[in-house]
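> Once you've had a glance at the structure underneath, I'll fire off some questions.
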Amino acid sequence: LLFWFFIMCLAVLEGGQISLVGLQPVLKTLYVDSHPITLKCTSLVHRGKNMERFINGRQFLVSLVVFGLNYCTSPIDDYEGDNVLGLPNWINVIFYDYGGAAIVTTVIVGQLASQVSAAQCMIDFINSWFMLLTTYLSLAIEMSGILHTVYIIRMAFSKFSGKAISSEEDVDSIQTTPQKIFFWVRVLLSIIVLGISIVIIGKDIVEENTAMWEV
């Protein structure tokens, strides 16, 4: 049940982004009465730079869901595997030991199916309370500041490319001192979290404490 819950969450996240991006040029008056929840979602995300913020927070949620799916489908340490459906052993190794079955199921059911469906039925796809909850959660994650390192990277890339940034998250466009302080505090928090994460991962890789060395 947990596996299919994660698949459903991934489908909503993937299809939701397709719908919200695709509905930007569509007049909201066309679905104001027929799809009230869709209107709530689009009114929220299409306001200011919330689309950018939603995409950042949504990507964090996608990563969490994918790691959850990986946890649900990883074989236990003392399990030697079964010959499923009488198939050759090498097929079982690919689909079970190396996660091929989980990859195919996740990509087709959790990602591609929802993306294709949302591309054709954008208004209907996000007309649910679960999508509205996902929208608020994505924006809340972005507001927390844990992802704000991306804005510093974007600023650096803008300097190198010579292209100006047009965004409310550009510190030059933030008018008040409290807003500037709040922005840079979140940037600092994000850099600290990212730095600690990189150090931990690097240490484990160097000391061969990850599954990478078992392949």
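Letters for chains follow the order of the structure tokens (A, B, ...), residue numbers begin at 1 for each chain, and ligand numbers begin at 1 in the order shown.
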Give me the residues near Gln24 in chain A as a list in words, where near means some atom within 10 Å (using only C-alpha atoms) and where sequence neighbours in that chain fewer than 6 positions away do not count.
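Once the adjacent positions are removed, what remains is Thr42, Ser43, Val45, His46 and Met51 of chain A.
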> With C-alpha atoms retained, could you export that selection as a PDB file, in the first residue's frame?

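Done, and the output landed in out_37.pdb:
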```
ATOM      1  CA  THR A  42      -3.794  28.199 -10.640  1.00  0.00           C
ATOM      2  CA  SER A  43      -4.677  31.419  -8.811  1.00  0.00           C
ATOM      3  CA  VAL A  45       0.736  29.326  -8.432  1.00  0.00           C
ATOM      4  CA  HIS A  46       0.289  31.889 -11.209  1.00  0.00           C
ATOM      5  CA  MET A  51       5.439  29.229 -10.340  1.00  0.00           C
TER       6      MET A  51
END
```
> At a cut-off of 7 Å, using only C-alpha atoms, what residues contact Val62 in chain A? Leave out same-chain residues fewer than 3 positions from it and give the result as a ChimeraX atom specification.
/A:10,13,58-59,65-66
> Keeping only N, CA and C atoms, take the residues you just selected and write them out as a PDB file, in the first residue's frame.

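Saved as again10.pdb:
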```
ATOM      1  N   LEU A  10       3.667  10.650  -6.728  1.00  0.00           N
ATOM      2  CA  LEU A  10       4.538  11.006  -7.844  1.00  0.00           C
ATOM      3  C   LEU A  10       3.722  11.403  -9.068  1.00  0.00           C
ATOM      4  N   LEU A  13       2.412  14.899  -8.567  1.00  0.00           N
ATOM      5  CA  LEU A  13       3.483  15.882  -8.690  1.00  0.00           C
ATOM      6  C   LEU A  13       3.892  16.108 -10.140  1.00  0.00           C
ATOM      7  N   ARG A  58       8.327  21.479  -5.470  1.00  0.00           N
ATOM      8  CA  ARG A  58       7.835  20.233  -6.058  1.00  0.00           C
ATOM      9  C   ARG A  58       8.974  19.267  -6.338  1.00  0.00           C
ATOM     10  N   GLN A  59      10.105  19.789  -6.817  1.00  0.00           N
ATOM     11  CA  GLN A  59      11.230  18.916  -7.123  1.00  0.00           C
ATOM     12  C   GLN A  59      11.772  18.248  -5.870  1.00  0.00           C
ATOM     13  N   VAL A  65       9.797  11.342  -2.687  1.00  0.00           N
ATOM     14  CA  VAL A  65       8.949  10.233  -3.121  1.00  0.00           C
ATOM     15  C   VAL A  65       9.777   9.149  -3.797  1.00  0.00           C
ATOM     16  N   VAL A  66      10.724   9.540  -4.640  1.00  0.00           N
ATOM     17  CA  VAL A  66      11.566   8.561  -5.333  1.00  0.00           C
ATOM     18  C   VAL A  66      12.407   7.771  -4.334  1.00  0.00           C
TER      19      VAL A  66
END
```
> Fewer than 3 positions away in the same chain doesn't count, so skip those; otherwise give me all residues within 7 Å of range 123-140 of chain A, counting only C-alpha atoms, as a PyMOL selection string.
chain A and resi 12+16+19+35+37-38+41+53-54+57-58+118+143-144
> Calculated over only C-alpha atoms, which of the candidates A:Asn50, A:Thr29, A:Thr106, A:Asn92 has the smallest distance to Phe5 in chain A?
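The shortest atom-to-atom distance to Phe5 in chain A comes from A:Thr106.
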> Using only C-alpha atoms, which of the listed residues (A:Lys49, A:Val193, A:Phe6, A:Ile152) sits closest to Ser63 in chain A?
A:Phe6
> Name the residues of range 74-172 of chain A that fall into alpha helix (DSSP H) according to DSSP on the backbone, using the chain letters and numbers of this document, as a PyMOL selection string.
chain A and resi 89-92+100-105+113-120+122-125+129-144+149-161
> Please, what distance in Å, to one decimal, runs between CA of Ile191 in chain A and CA of Arg47 in chain A?
27.3 Å
> Grab the CA of Thr149 in chain A to CA of Gly202 in chain A distance for me, in Å with one decimal place.
18.9 Å
> For Phe67 in chain A, which residue among A:Leu30, A:Ala102, A:Phe160, A:Leu20 is the nearest when counting only C-alpha atoms?
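Among the listed residues, the smallest separation from Phe67 in chain A belongs to A:Ala102.
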> Using Å and a single decimal, report how far CA of Ile205 in chain A sits from CA of Ile153 in chain A.
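Computing it gives 24.8 Å between the two atoms.
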> With only C-alpha atoms as the counted atoms, please give the residues lying no more than 7 Å from Ser114 in chain A, apart from itself and same-chain residues fewer than 6 positions off, as a PDB file with C-alpha atoms, in the first residue's frame.

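Once everything was written out, this is part.pdb:
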```
ATOM      1  CA  ALA A  11       1.770  10.992 -10.454  1.00  0.00           C
ATOM      2  CA  GLU A  14       4.448  15.134 -12.283  1.00  0.00           C
ATOM      3  CA  GLY A  15       1.054  15.740 -13.852  1.00  0.00           C
TER       4      GLY A  15
END
```
